[in-house]
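S.K.: Right, I'll just put the structure down here and ask away after.
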Amino acid sequence: MTIDHICFAVKNLEEGVTYWIRVFGYRQKTRMVVNTLQKVKVIFIEKENSLTVKLIEPLEDNLSLVGFVNRGGGFHHICFRCDDIDNGVAGLKEKGLITLVQPQPGEAFNNHRIAFMLGKYGLNIELIDTDERAGLI
């Protein structure tokens, strides 16, 4: 497994993207995509020789994430890319991680499956097995 991206939850995607561009020199990689299952809006940003960053804004019915961003938001999860999502989930489960979301289509990844797991110290982990992104600019 390798790190694919890190994710930050923001109250407003446009403001979040503007901040990362102005402060850290990132550029927008994708247009906004709505992930209906996760109830978030998603934009990927990138910078040469740096980690890709995913910014998410909750849809209004995503109450737990709305509460989180209303308290300031911030780091949400780290995403690892693996060769096979089912084997990746099974392998981490064997190592004691808890499955939060079983593999399901992720609109931000052209409907390739994503899964979420909970690691030690409250680490929220996303797993993917693709490098595809929807809405590339």
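By convention in this document, the chains of the structure tokens carry letters A, B, ... by their order, each chain's residues are numbered from 1, and ligands are numbered from 1 in the order they are shown.
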Need the shell around A:Gly72: protein/DNA/RNA residues with any atom at most 8 Å away, counting only C-alpha atoms. Skip same-chain ones fewer than 2 positions apart. Format as a ChimeraX atom specification?
M.R.: /A:10-11,68-70,74
S.K.: Within 6 Å of A:Lys29, counting only C-alpha atoms, which residues qualify if same-chain residues fewer than 4 places away don't, as a PDB file with N, CA and C atoms, in the first residue's frame?
M.R.:
```pdb
ATOM      1  N   PHE A  44     -10.018  17.579  -5.856  1.00  0.00           N
ATOM      2  CA  PHE A  44      -8.618  17.223  -5.651  1.00  0.00           C
ATOM      3  C   PHE A  44      -7.747  18.391  -6.085  1.00  0.00           C
ATOM      4  N   ILE A  45      -6.692  18.640  -5.310  1.00  0.00           N
ATOM      5  CA  ILE A  45      -5.703  19.642  -5.661  1.00  0.00           C
ATOM      6  C   ILE A  45      -4.334  18.973  -5.626  1.00  0.00           C
ATOM      7  N   LEU A 136     -11.448  15.505 -14.096  1.00  0.00           N
ATOM      8  CA  LEU A 136     -10.122  16.077 -14.318  1.00  0.00           C
ATOM      9  C   LEU A 136     -10.224  17.376 -15.124  1.00  0.00           C
ATOM     10  N   ILE A 137      -9.392  18.335 -14.767  1.00  0.00           N
ATOM     11  CA  ILE A 137      -9.371  19.611 -15.486  1.00  0.00           C
ATOM     12  C   ILE A 137      -8.324  19.526 -16.588  1.00  0.00           C
TER      13      ILE A 137
END
```
S.K.: Could you give me, as a ChimeraX atom specification, the residues within 12 Å of A:Ser64, counting only C-alpha atoms and dropping anything in the same chain fewer than 4 positions from it?
M.R.: /A:9,38-40,57-60,68-71,73
S.K.: What does the file look like for those residues with C-alpha atoms, as a PDB file, in the first residue's frame?
M.R.:
```pdb
ATOM      1  CA  ALA A   9     -12.867  18.739   5.525  1.00  0.00           C
ATOM      2  CA  GLN A  38     -20.491   9.678   1.359  1.00  0.00           C
ATOM      3  CA  LYS A  39     -22.638  12.854   1.210  1.00  0.00           C
ATOM      4  CA  VAL A  40     -19.775  15.187   0.321  1.00  0.00           C
ATOM      5  CA  GLU A  57     -17.403  19.819   1.905  1.00  0.00           C
ATOM      6  CA  PRO A  58     -20.361  18.083   3.546  1.00  0.00           C
ATOM      7  CA  LEU A  59     -23.776  18.027   1.937  1.00  0.00           C
ATOM      8  CA  GLU A  60     -26.339  19.532   4.300  1.00  0.00           C
ATOM      9  CA  PHE A  68     -17.033  18.944  12.299  1.00  0.00           C
ATOM     10  CA  VAL A  69     -16.570  21.760   9.764  1.00  0.00           C
ATOM     11  CA  ASN A  70     -18.643  24.140  11.893  1.00  0.00           C
ATOM     12  CA  ARG A  71     -16.072  23.532  14.649  1.00  0.00           C
ATOM     13  CA  GLY A  73     -12.907  21.272  10.152  1.00  0.00           C
TER      14      GLY A  73
END
```
S.K.: Given only C-alpha atoms as the basis, pick out the residue of A:Thr52, A:Asn62, A:Asn111, A:Thr2 nearest to A:Thr30.
M.R.: A:Thr52
S.K.: Near A:Leu127, within 6 Å and counting only C-alpha atoms, which residues show up once chain neighbours fewer than 6 positions away are dropped, as a list of chain:residue names?
M.R.: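 Contacts, with the query itself left out: A:Cys79, A:Phe80, A:Arg81, A:Ile114, A:Ala115.
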S.K.: Take the residues just selected and output them with N, CA and C atoms as a PDB file, in the first residue's frame.
M.R.:
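What landed in result_10.pdb:
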```
ATOM      1  N   CYS A  79      -5.519   8.421   2.716  1.00  0.00           N
ATOM      2  CA  CYS A  79      -5.960   7.387   1.774  1.00  0.00           C
ATOM      3  C   CYS A  79      -4.764   6.590   1.285  1.00  0.00           C
ATOM      4  N   PHE A  80      -4.909   5.282   1.346  1.00  0.00           N
ATOM      5  CA  PHE A  80      -3.899   4.373   0.817  1.00  0.00           C
ATOM      6  C   PHE A  80      -4.450   3.690  -0.435  1.00  0.00           C
ATOM      7  N   ARG A  81      -3.593   3.581  -1.445  1.00  0.00           N
ATOM      8  CA  ARG A  81      -3.951   2.841  -2.655  1.00  0.00           C
ATOM      9  C   ARG A  81      -3.342   1.452  -2.531  1.00  0.00           C
ATOM     10  N   ILE A 114     -14.369   2.298  -3.069  1.00  0.00           N
ATOM     11  CA  ILE A 114     -13.615   2.849  -1.956  1.00  0.00           C
ATOM     12  C   ILE A 114     -14.113   2.187  -0.681  1.00  0.00           C
ATOM     13  N   ALA A 115     -13.298   2.209   0.348  1.00  0.00           N
ATOM     14  CA  ALA A 115     -13.705   1.688   1.658  1.00  0.00           C
ATOM     15  C   ALA A 115     -13.077   2.585   2.717  1.00  0.00           C
TER      16      ALA A 115
END
```
S.K.: How many Å separate atom CA of A:His77 from atom CA of A:Phe116?
M.R.: 9.1 Å
